[in-house]
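Q: Below is the file my_file.txt, with compact mmCIF, C-alpha atoms.
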# COMPACT_ATOMS: atom_id res chain seq x y z
CA GLU A 115 93.63 125.54 82.08
CA ASP A 116 97.05 124.05 82.85
CA VAL A 117 98.50 125.45 79.62
CA ILE A 118 97.25 128.96 80.40
CA LEU A 119 98.68 128.73 83.91
CA HIS A 120 102.13 127.66 82.68
CA LEU A 121 102.19 130.38 80.03
CA ARG A 122 101.31 133.00 82.65
CA ARG A 123 104.10 131.74 84.91
CA ASN A 124 106.66 132.02 82.14
CA PHE A 125 105.87 135.70 81.70
CA ILE A 126 105.79 136.57 85.40
CA GLN A 127 108.86 138.41 86.65
CA ASN A 128 109.06 136.40 89.86
CA ASN A 129 111.61 138.57 91.65
CA ASN A 130 110.50 137.21 95.03
CA PHE A 131 111.88 133.77 94.19
CA LYS A 132 115.06 134.43 96.13
CA LEU A 133 116.23 132.88 99.37
CA GLN A 134 116.79 135.03 102.42
CA SER A 135 120.13 133.29 102.91
CA ASP A 136 122.41 131.00 100.90
CA GLU A 137 123.25 128.87 103.94
CA THR A 138 120.64 126.17 103.30
CA ASN A 139 118.08 125.19 100.70
CA THR A 140 115.37 125.12 103.38
CA ILE A 141 115.52 128.85 104.12
CA LYS A 142 112.11 130.41 103.59
CA ILE A 143 111.38 132.57 100.58
CA ALA A 144 110.69 136.12 101.69
CA ASN A 145 107.14 137.34 102.35
CA LYS A 146 105.42 134.09 101.41
CA PRO A 147 103.69 131.51 103.62
CA ARG A 148 105.23 128.10 103.08
CA ILE A 149 103.28 125.06 101.93
CA ILE A 150 104.96 121.65 102.18
CA VAL A 151 103.46 118.90 100.05
CA ILE A 152 104.40 115.37 101.10
CA GLY A 153 104.19 112.94 98.19
CA SER A 154 104.47 112.89 94.40
CA GLY A 155 101.40 110.87 93.41
CA TRP A 156 98.08 111.86 91.90
CA SER A 157 96.88 114.26 94.61
CA ALA A 158 100.26 115.91 95.15
CA HIS A 159 100.90 116.25 91.42
CA ALA A 160 97.47 117.77 90.76
CA LEU A 161 98.02 120.37 93.49
CA LEU A 162 101.59 121.22 92.49
CA LYS A 163 100.63 121.88 88.89
CA ILE A 164 98.03 124.54 89.72
CA ILE A 165 99.16 126.05 93.03
CA GLU A 166 99.82 129.78 92.97
CA THR A 167 103.57 129.95 93.52
CA ASP A 168 103.49 133.74 93.31
CA LEU A 169 101.51 133.65 96.58
CA TYR A 170 103.14 130.69 98.36
CA ASP A 171 106.59 129.25 98.96
CA VAL A 172 105.97 125.64 97.88
CA ILE A 173 108.17 122.67 98.73
CA CYS A 174 107.51 119.08 97.67
CA VAL A 175 109.10 116.29 99.71
CA SER A 176 109.06 112.75 98.35
CA PRO A 177 111.53 109.87 97.86
CA ARG A 178 110.24 109.58 94.27
CA PRO A 179 111.20 112.54 92.06
CA TYR A 180 108.54 111.95 89.45
CA PHE A 181 104.81 111.42 88.98
CA ILE A 182 103.63 108.10 87.48
CA PHE A 183 100.58 107.75 85.27
CA THR A 184 99.66 104.49 86.99
CA PRO A 185 96.93 103.28 84.56
CA MET A 186 99.70 102.63 82.03
CA LEU A 187 101.91 100.60 84.37
CA ALA A 188 100.39 97.31 83.19
CA SER A 189 101.24 98.15 79.59
CA SER A 190 104.78 99.20 80.43
CA ALA A 191 105.35 95.92 82.26
CA VAL A 192 105.28 94.05 78.95
CA GLY A 193 106.90 96.75 76.82
CA THR A 194 103.82 98.11 75.04
CA VAL A 195 104.58 101.54 76.51
CA GLU A 196 108.01 102.88 77.41
CA PHE A 197 108.60 103.77 81.07
CA ARG A 198 109.65 107.32 80.20
CA SER A 199 106.30 107.91 78.50
CA ILE A 200 104.30 107.52 81.71
CA VAL A 201 106.35 109.66 84.10
CA GLU A 202 106.76 113.40 84.62
CA PRO A 203 109.52 114.89 86.81
CA ILE A 204 108.08 116.82 89.71
CA ARG A 205 110.24 119.82 88.93
CA SER A 206 108.85 119.89 85.40
CA SER A 207 105.27 119.92 86.64
CA ASN A 208 105.90 123.31 88.20
CA PRO A 209 109.27 125.06 87.73
CA PHE A 210 108.58 127.50 90.57
CA ILE A 211 108.48 124.95 93.39
CA ARG A 212 111.37 123.38 95.26
CA TYR A 213 111.67 119.62 95.46
CA PHE A 214 113.65 117.53 97.98
CA GLU A 215 114.23 113.83 97.34
CA CYS A 216 113.70 112.85 100.96
CA GLU A 217 111.64 110.62 103.17
CA VAL A 218 109.59 112.25 105.93
CA ILE A 219 110.30 110.36 109.14
CA ASP A 220 108.36 112.58 111.57
CA PHE A 221 106.40 115.81 111.81
CA ASN A 222 105.31 118.09 114.62
CA PRO A 223 101.98 119.89 114.05
CA LYS A 224 102.51 122.07 117.12
CA LEU A 225 105.91 123.37 116.05
CA LYS A 226 104.89 123.17 112.40
CA ASN A 227 107.91 121.33 111.10
CA ILE A 228 108.90 118.01 109.54
CA ILE A 229 112.04 115.89 109.92
CA VAL A 230 113.41 114.35 106.72
CA ASN A 231 116.09 111.88 105.68
CA ASN A 232 117.55 112.03 102.21
CA GLN A 233 117.78 108.73 100.30
CA LEU A 234 120.97 109.63 98.47
CA ASP A 235 123.71 109.84 101.11
CA GLN A 236 123.12 108.87 104.74
CA ARG A 237 126.11 110.92 105.89
CA PHE A 238 124.00 114.05 105.59
CA ASN A 239 121.10 112.75 107.70
CA SER A 240 120.55 113.90 111.25
CA SER A 241 117.82 114.94 113.66
CA LYS A 242 118.52 118.50 112.52
CA ASN A 243 117.11 117.89 109.04
CA ILE A 244 114.07 120.01 109.86
CA ILE A 245 111.90 121.99 107.47
CA GLU A 246 109.36 124.44 108.85
CA TYR A 247 105.99 125.10 107.27
CA ASP A 248 102.89 127.23 107.54
CA TYR A 249 100.63 124.68 105.83
CA LEU A 250 101.20 120.95 105.43
CA VAL A 251 99.59 118.82 102.72
CA TYR A 252 99.90 115.08 103.33
CA ALA A 253 99.51 113.21 100.05
CA ALA A 254 101.87 110.28 100.49
CA GLY A 255 99.39 107.66 99.29
CA ALA A 256 99.31 104.10 100.61
CA THR A 257 101.30 100.88 100.53
CA VAL A 258 100.21 97.73 98.72
CA ASN A 259 97.60 95.72 100.64
CA ASN A 260 98.61 92.08 101.13
CA PHE A 261 95.37 91.30 103.05
CA GLY A 262 97.40 90.02 106.00
CA LEU A 263 99.12 87.30 103.96
CA ASP A 264 102.88 87.57 104.48
CA ASN A 265 103.63 85.18 101.62
CA VAL A 266 101.96 87.59 99.20
CA THR A 267 104.64 90.17 99.96
CA LYS A 268 107.34 87.51 99.93
CA TYR A 269 106.52 85.70 96.67
CA CYS A 270 104.35 88.00 94.53
CA ASP A 271 105.14 90.94 92.30
CA PHE A 272 103.12 94.13 92.45
CA ILE A 273 102.19 96.73 89.86
CA LYS A 274 102.60 100.01 91.72
CA GLU A 275 105.98 101.56 90.91
CA ILE A 276 108.29 101.76 87.89
CA ASP A 277 110.76 99.41 89.58
CA ASP A 278 107.95 96.85 90.02
CA VAL A 279 107.11 96.66 86.32
CA LYS A 280 110.78 96.68 85.30
CA LEU A 281 111.25 93.59 87.47
CA ILE A 282 108.13 91.90 86.04
CA LYS A 283 109.31 92.56 82.49
CA LYS A 284 112.70 91.04 83.24
CA LYS A 285 111.16 88.01 84.96
CA ILE A 286 108.90 87.25 81.99
CA VAL A 287 111.83 87.21 79.58
CA ASP A 288 113.99 85.23 82.02
CA LEU A 289 111.29 82.56 82.40
CA PHE A 290 111.10 82.05 78.64
CA GLU A 291 114.88 81.90 78.37
CA LEU A 292 115.08 79.41 81.23
CA SER A 293 112.35 77.26 79.69
CA SER A 294 114.30 77.11 76.43
CA GLN A 295 117.42 75.73 78.09
CA PRO A 296 118.52 72.15 77.35
CA ASN A 297 117.51 69.34 79.70
CA ILE A 298 114.50 71.20 81.12
CA LEU A 299 111.68 68.74 81.77
CA GLU A 300 108.24 69.32 80.26
CA ASN A 301 106.59 69.53 83.67
CA ASP A 302 109.06 72.20 84.70
CA ILE A 303 108.38 74.17 81.52
CA LYS A 304 104.63 74.09 82.23
CA ARG A 305 105.25 75.35 85.76
CA LEU A 306 107.67 78.09 84.66
CA LEU A 307 105.31 79.38 81.97
CA THR A 308 102.18 79.47 84.11
CA PHE A 309 101.41 83.09 85.00
CA VAL A 310 98.87 83.84 87.73
CA VAL A 311 97.33 87.30 87.96
CA VAL A 312 95.46 87.96 91.20
CA GLY A 313 92.77 90.62 91.01
CA GLY A 314 89.98 91.14 88.51
CA GLY A 315 90.06 94.92 88.61
CA PRO A 316 91.23 97.22 85.81
CA THR A 317 94.94 96.61 86.45
CA GLY A 318 94.68 92.82 86.71
CA VAL A 319 92.49 92.44 83.64
CA GLU A 320 94.62 94.80 81.57
CA PHE A 321 97.87 93.13 82.59
CA ALA A 322 96.51 89.68 81.77
CA GLY A 323 95.43 90.94 78.36
CA GLU A 324 98.73 92.69 77.71
CA LEU A 325 100.65 89.57 78.75
CA HIS A 326 98.56 87.46 76.38
CA ASP A 327 99.28 89.85 73.50
CA LEU A 328 102.99 89.82 74.30
CA VAL A 329 103.08 86.02 74.23
CA VAL A 330 101.01 85.63 71.07
CA ASP A 331 102.36 88.55 69.05
CA GLU A 332 106.02 88.72 70.08
CA LEU A 333 107.37 85.84 72.15
CA SER A 334 105.72 83.24 69.91
CA LYS A 335 108.07 84.37 67.13
CA LEU A 336 111.13 83.90 69.30
CA PHE A 337 110.00 80.79 71.21
CA PRO A 338 107.37 79.09 68.99
CA PHE A 339 108.09 75.70 70.56
CA LEU A 340 107.12 77.06 74.01
CA LEU A 341 103.75 78.51 73.06
CA PRO A 342 101.74 75.31 73.85
CA PHE A 343 103.04 75.39 77.44
CA VAL A 344 102.03 78.97 78.28
CA LYS A 345 99.06 79.41 80.60
CA ILE A 346 97.71 82.70 81.96
CA ILE A 347 95.34 82.43 84.93
CA LEU A 348 93.29 85.37 86.24
CA ILE A 349 91.95 84.95 89.78
CA ASN A 350 89.18 87.17 91.13
CA SER A 351 87.26 86.94 94.40
CA GLY A 352 83.98 88.06 92.83
CA PRO A 353 81.65 86.23 90.40
CA SER A 354 82.34 88.67 87.56
CA LEU A 355 85.06 90.98 86.29
Take the structure from the file and write it as structure tokens.

A:
Amino acid sequence: EDVILHLRRNFIQNNNFKLQSDETNTIKIANKPRIIVIGSGWSAHALLKIIETDLYDVICVSPRPYFIFTPMLASSAVGTVEFRSIVEPIRSSNPFIRYFECEVIDFNPKLKNIIVNNQLDQRFNSSKNIIEYDYLVYAAGATVNNFGLDNVTKYCDFIKEIDDVKLIKKKIVDLFELSSQPNILENDIKRLLTFVVVGGGPTGVEFAGELHDLVVDELSKLFPFLLPFVKIILINSGPSL
């Protein structure tokens, strides 16, 4: 269905895709009701791919310019899958929409507008960064739940964004490098190479398995003397996984 839709779009002479003025990128496209989609996750991406842009002026607003296939984040954290293989630029998902790399800081349902701040250069931010809409789709998703434990946010790593798994990947390698340094005590090596995964859901179980494979299949070749000290602990609140 998606393939047919994209092929049809490529053959449409979309002469209406012109701005009424060149003064600003937020000027409305003529004769089309405007839909603003806030977010670039699963819901937003699914809508943007199939929405009829020949009927609507569609704008996506999100600080993240790409969609992430989140089930593969655990694999990319240990290098099994490349980061670029699990993302799709929002503009590529539908070439007939407009995308603004901004954060929505407020919206007014009565006046039907949103106020945005761009994340690229604060000099261009003001209370006048307003985009009007006819229909608003809120698909911004949710933040990570720390269950009211501040130390979780302070000391733990999460698997939610590309930057998260990049950091995890770097930390794993750094811990092995640090453990291989001279004059590191055995007790310190055991502590450094103990990995605790909290959560027995699909992501936690998959990451624990991927981490085990990374240690056994790859890092054991580079650091064979450290293999006896590695421990991977999976913690789950329920009686079964």

Q: Using all atoms listed in the file, which residues sit within 8 Å of region 216-228 of chain A once same-chain residues fewer than 6 positions away are excluded, as a ChimeraX atom specification?

A: /A:152,175-177,244-249

Q: At a cut-off of 12 Å around the point (101.7, 102.3, 78.9) (file coordinates), what residues fall inside when counting only C-alpha atoms? I'd like the answer as a list in words.

A: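 Residues lying no farther than 12 Å from the given point: Ile182, Phe183, Thr184, Pro185, Met186, Leu187, Ala188, Ser189, Ser190, Ala191, Val192, Gly193, Thr194, Val195, Glu196, Phe197, Arg198, Ser199, Ile200, Val201, Ile276, Val279, Thr317, Glu320, Phe321 and Glu324 of chain A.
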
Q: How many Å lie between CA of Leu234 (chain A) and CA of Tyr180 (chain A), rounded to one decimal?

A: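 Rounded to one decimal, the two atoms are 15.5 Å apart.
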
Q: When distances are computed from all atoms listed in the file, which of A:Asn297, A:Thr167, A:Ser207, A:Thr308 shows the smallest separation from Gly155 (chain A)?

A: A:Ser207

Q: With distances taken over all atoms listed in the file, which of A:Val312, A:Leu299, A:Leu162, A:Val287 is nearest to Phe343 (chain A)?

A: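 With all atoms listed in the file as the atom set, the closest residue is A:Leu299.
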
Q: Grab the CA of Gln233 (chain A) to CA of Ile164 (chain A) distance for me, in Å with one decimal place.

A: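 Between CA of Gln233 (chain A) and CA of Ile164 (chain A) the gap works out to 27.4 Å.
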